[in-house]
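I have placed the structure first, in the form of structure tokens, so that the comments after it can refer back to it.
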Amino acid sequence: MRKVLTLAVAATASIGLLAAPATADGRPRELPAEINGGAWTEGHVQGIAIDQRKGYMYFSFTNVLVKTDLKGNLIGSVTGFTGHLGDLDFNAKDGRVYGSLEYKEQESFYIAIFDVDRITSPNMDAQSTGVVKTVYLKEVVADYTADMNGDGKFDGNVANTADHRYGCSGIDGVSFGPQFGRKNGKQLLTVAYGIYSNVDRKDNDYQVVLQYDIQQWKKYEKPLTESDPHKSGPEQTDGKYFAYTGNTTYGVQNLEWDEHTGNWMMAVYKGKKPQFPNYSFFMVDGGARPAEGDIVGQSQPERVRLLTLAPGGLQHDATGVRGWEFTGEYGLISLGGGRYYVSKSGTITDNGVSKYTGTAQLYRWTGQTPTPFEKVG
């Protein structure tokens with residue numbers, strides 16, 4: 001399922017609360033206008049997820065996963081990552097949280113799967129406690145390590161190179177949703193590439209998105225062992241797609257399927273190519289069937305499945321790119337009924353130590369241009 005269950009919701013604007021699904025004993029639950037994820041030294045907030053039924057919130061702070069209740073009280077955390085933990089999604093079907101996990105120097109990219117019911121105390125070690133399993137994404141590794149200029153060597157974790165197919169820098173955005181071109185159906189794990197910022201190539205002007213049917217993924221799941229990265233994962237994807245947006249800085253930071261609009265939401269850090277509008281928010285039309293087309297800028301022709309950007313918002317006539325301006329790159333959850341949690345990133349100084357903060361704030365959909373959301377409360 002998506003990061004949350006799809007619901008009919010109603011806001012109580014005077015106190016900033018959102019009607020939510022019933023708890024396990026049938027009582028209605030309300031969601032607050034804000035949920036504070038705390039302050040952490042590890043890094044800025046990368047993504048958020050929510051289990052509305054049990055009443056827990058999850059925050060990724062670059063290399064720590066934080067679990068709170070809906071009042072922002074700390075329940076537990078998973079620490080010890082040396083890689084980059086990015087966007088998160090809650091899978092209501094199995095009750096686990098899925099996130100993107102990168103180890104660029106080891107050329108290893110994983111989906112991290114958290115058994116969140118076992119997260120009951122702070123500082124639980126990611127490798128020794130067994131609360132995290134990982135699945136290796138071979139397709140991502142192949143694109144990241146591609147020797148595109150044929151000089152016989154891979155240039156590594158740098159942006160200014162011809163290497164990295166499509167400018168792939170790894171993965172970040174993660175969401176469950178239907179197959180592209182369908183507005184309902186089986187929920188597939190959908191993973192968006194990080195894309196290096198590089199103004200001197202053209203094949204990096206696309207958001208690259210993979211879809212996986214995870215029904216048989218249990219056989220791939222392995223404990224996290226950073227000293228000896230495993231390579232257990234699916235041989236191929238269940239779909240690879242491209243959305244023409246212009247180059248962005250590290251691709252889709254937060255990806256979210258939104259049943260209310262019927263579209264896929266993509267929050268990004270703005271790109272730097274002057275020939276593009278460099279919007280910060282895009283949507284893919286969830287009902288438009290992918291069309292075959294060529295990737296621009298490849299030395300060898302390549303036919304791929306191209307996604308269609310959703311109508312509305314700002315339109316850049318020179319490139320045909322459509323988008324909006326909105327800061328959803330630090331965390332975005334669709335709550336159903338046109339309501340969302342959006343994460344705000346900040347910093348504080350605590351006893352002389354600089355820490356990063358993350359707060360989930362409640363928004364509603366307006367569809368207005370240039371910003372299609374408004375804050376609730």
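Labels for the structure tokens follow display order: chains A, B, ..., residues from 1 in each chain, ligands from 1.
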
>> For the strand (DSSP E) assignment from backbone DSSP, which residues of range 50-232 of chain A qualify? Please present them as a PyMOL selection string.
In response: chain A and resi 50-51+56-60+65-69+74-79+84-91+96-103+108-114+124-125+132-136+168-177+188-195+206-212+222-223

Would you write out, as CSV, a table of all residues in range 303-367 of chain A that have an atom no more than 10 Å from an atom of range 34-57 of chain A, listing for each the closest atom pair and the distance in Å to one decimal, considering only C-alpha atoms and ordering rows by chain and rising residue number?
residue,atom,partner,partner_atom,distance
A:Gly328,CA,A:Gly47,CA,9.5
A:Glu329,CA,A:Gln46,CA,7.6
A:Tyr330,CA,A:Gln46,CA,5.0
A:Gly331,CA,A:Gly47,CA,4.1
A:Leu332,CA,A:Ile48,CA,6.6
A:Ile333,CA,A:Ala49,CA,6.6
A:Ser334,CA,A:Ala49,CA,9.6
A:Leu335,CA,A:Ile50,CA,9.0
A:Tyr341,CA,A:Glu34,CA,8.4
A:Val342,CA,A:Ile48,CA,8.3
A:Ser343,CA,A:Ile48,CA,7.2
A:Lys344,CA,A:Val45,CA,8.1
A:Ser345,CA,A:Val45,CA,6.1
A:Gly346,CA,A:His44,CA,7.7
A:Thr347,CA,A:Ala39,CA,7.9
A:Ile348,CA,A:Ala39,CA,7.6
A:Thr349,CA,A:Ala39,CA,9.5
A:Asp350,CA,A:Ala39,CA,8.9
A:Val353,CA,A:Thr41,CA,8.0
A:Ser354,CA,A:Thr41,CA,6.8
A:Lys355,CA,A:Thr41,CA,4.6
A:Tyr356,CA,A:Trp40,CA,5.2
A:Thr357,CA,A:Ala39,CA,4.5
A:Gly358,CA,A:Gly37,CA,5.3
A:Thr359,CA,A:Asn36,CA,4.5
A:Ala360,CA,A:Ile35,CA,5.1
A:Gln361,CA,A:Glu34,CA,4.6
A:Leu362,CA,A:Glu34,CA,6.3
A:Tyr363,CA,A:Glu34,CA,10.0

> If you measure from CA of Gly156 in chain A to CA of Glu105 in chain A, what distance in Å do you get, rounded to one decimal?
Replying inline: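 Pair CA of Gly156 in chain A / CA of Glu105 in chain A returns 7.7 Å.
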
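What separates CA of Met124 in chain A from CA of Gln216 in chain A is a distance of 27.6 Å.
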
>> Residues near Trp217 in chain A, anyone? I mean within 8 Å using only C-alpha atoms, not counting same-chain ones fewer than 4 positions away, as number ranges by chain.
In response: A: 135, 221, 233-234

Using the selection just defined, write its residues with N, CA and C atoms as a compact mmCIF listing (two decimals), in the first residue's frame.
# COMPACT_ATOMS: atom_id res chain seq x y z
N VAL A 135 17.48 -5.60 0.59
CA VAL A 135 17.38 -6.24 -0.73
C VAL A 135 18.19 -5.40 -1.71
N GLU A 221 15.63 -11.10 1.07
CA GLU A 221 15.94 -10.30 2.25
C GLU A 221 17.09 -10.88 3.06
N GLY A 233 19.16 -9.98 -4.52
CA GLY A 233 18.07 -9.14 -5.00
C GLY A 233 17.53 -9.63 -6.33
N PRO A 234 16.46 -9.02 -6.81
CA PRO A 234 15.86 -9.47 -8.06
C PRO A 234 16.78 -9.22 -9.26

>> For a quick check of understanding, using only C-alpha atoms, which of A:Tyr206, A:Gly338, A:Gly313, A:Ala318 has the smallest distance to Asp258 in chain A?
In response: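 Among the listed residues, the smallest separation from Asp258 in chain A belongs to A:Gly338.
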
> Contacts of range 130-132 of chain A at 6 Å or less, counting only C-alpha atoms, minus same-chain residues fewer than 3 places along, as a PyMOL selection string?
Replying inline: chain A and resi 113-115

Please write the residues from the selection above to a file, keeping N, CA and C atoms, as an mmCIF file, in the first residue's frame.
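Result saved to selection07.cif:
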data_model
loop_
_atom_site.group_PDB
_atom_site.id
_atom_site.type_symbol
_atom_site.label_atom_id
_atom_site.label_comp_id
_atom_site.auth_asym_id
_atom_site.auth_seq_id
_atom_site.Cartn_x
_atom_site.Cartn_y
_atom_site.Cartn_z
ATOM 1 N N ILE A 113 14.364 -2.660 4.790
ATOM 2 C CA ILE A 113 13.024 -3.034 5.248
ATOM 3 C C ILE A 113 13.068 -3.160 6.772
ATOM 4 N N PHE A 114 12.306 -2.297 7.444
ATOM 5 C CA PHE A 114 12.344 -2.217 8.901
ATOM 6 C C PHE A 114 11.153 -2.957 9.513
ATOM 7 N N ASP A 115 11.455 -3.877 10.423
ATOM 8 C CA ASP A 115 10.425 -4.534 11.220
ATOM 9 C C ASP A 115 10.093 -3.580 12.363
#

>> Quick check, in Å to one decimal: how far apart do CA of Glu256 in chain A and CA of Asp317 in chain A lie?
In response: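 Between CA of Glu256 in chain A and CA of Asp317 in chain A the gap is 26.2 Å.
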
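Shell of Ser232 in chain A at 12 Å, with only C-alpha atoms counted and residues fewer than 4 places along the chain excluded, is Ser108, Phe109, Tyr110, Ile111, Lys133, Thr134, Val135, Tyr136, Leu137, Lys138, Trp217, Lys218, Lys219, Tyr220, Glu221, Lys222, Pro223 and Leu224 of chain A.
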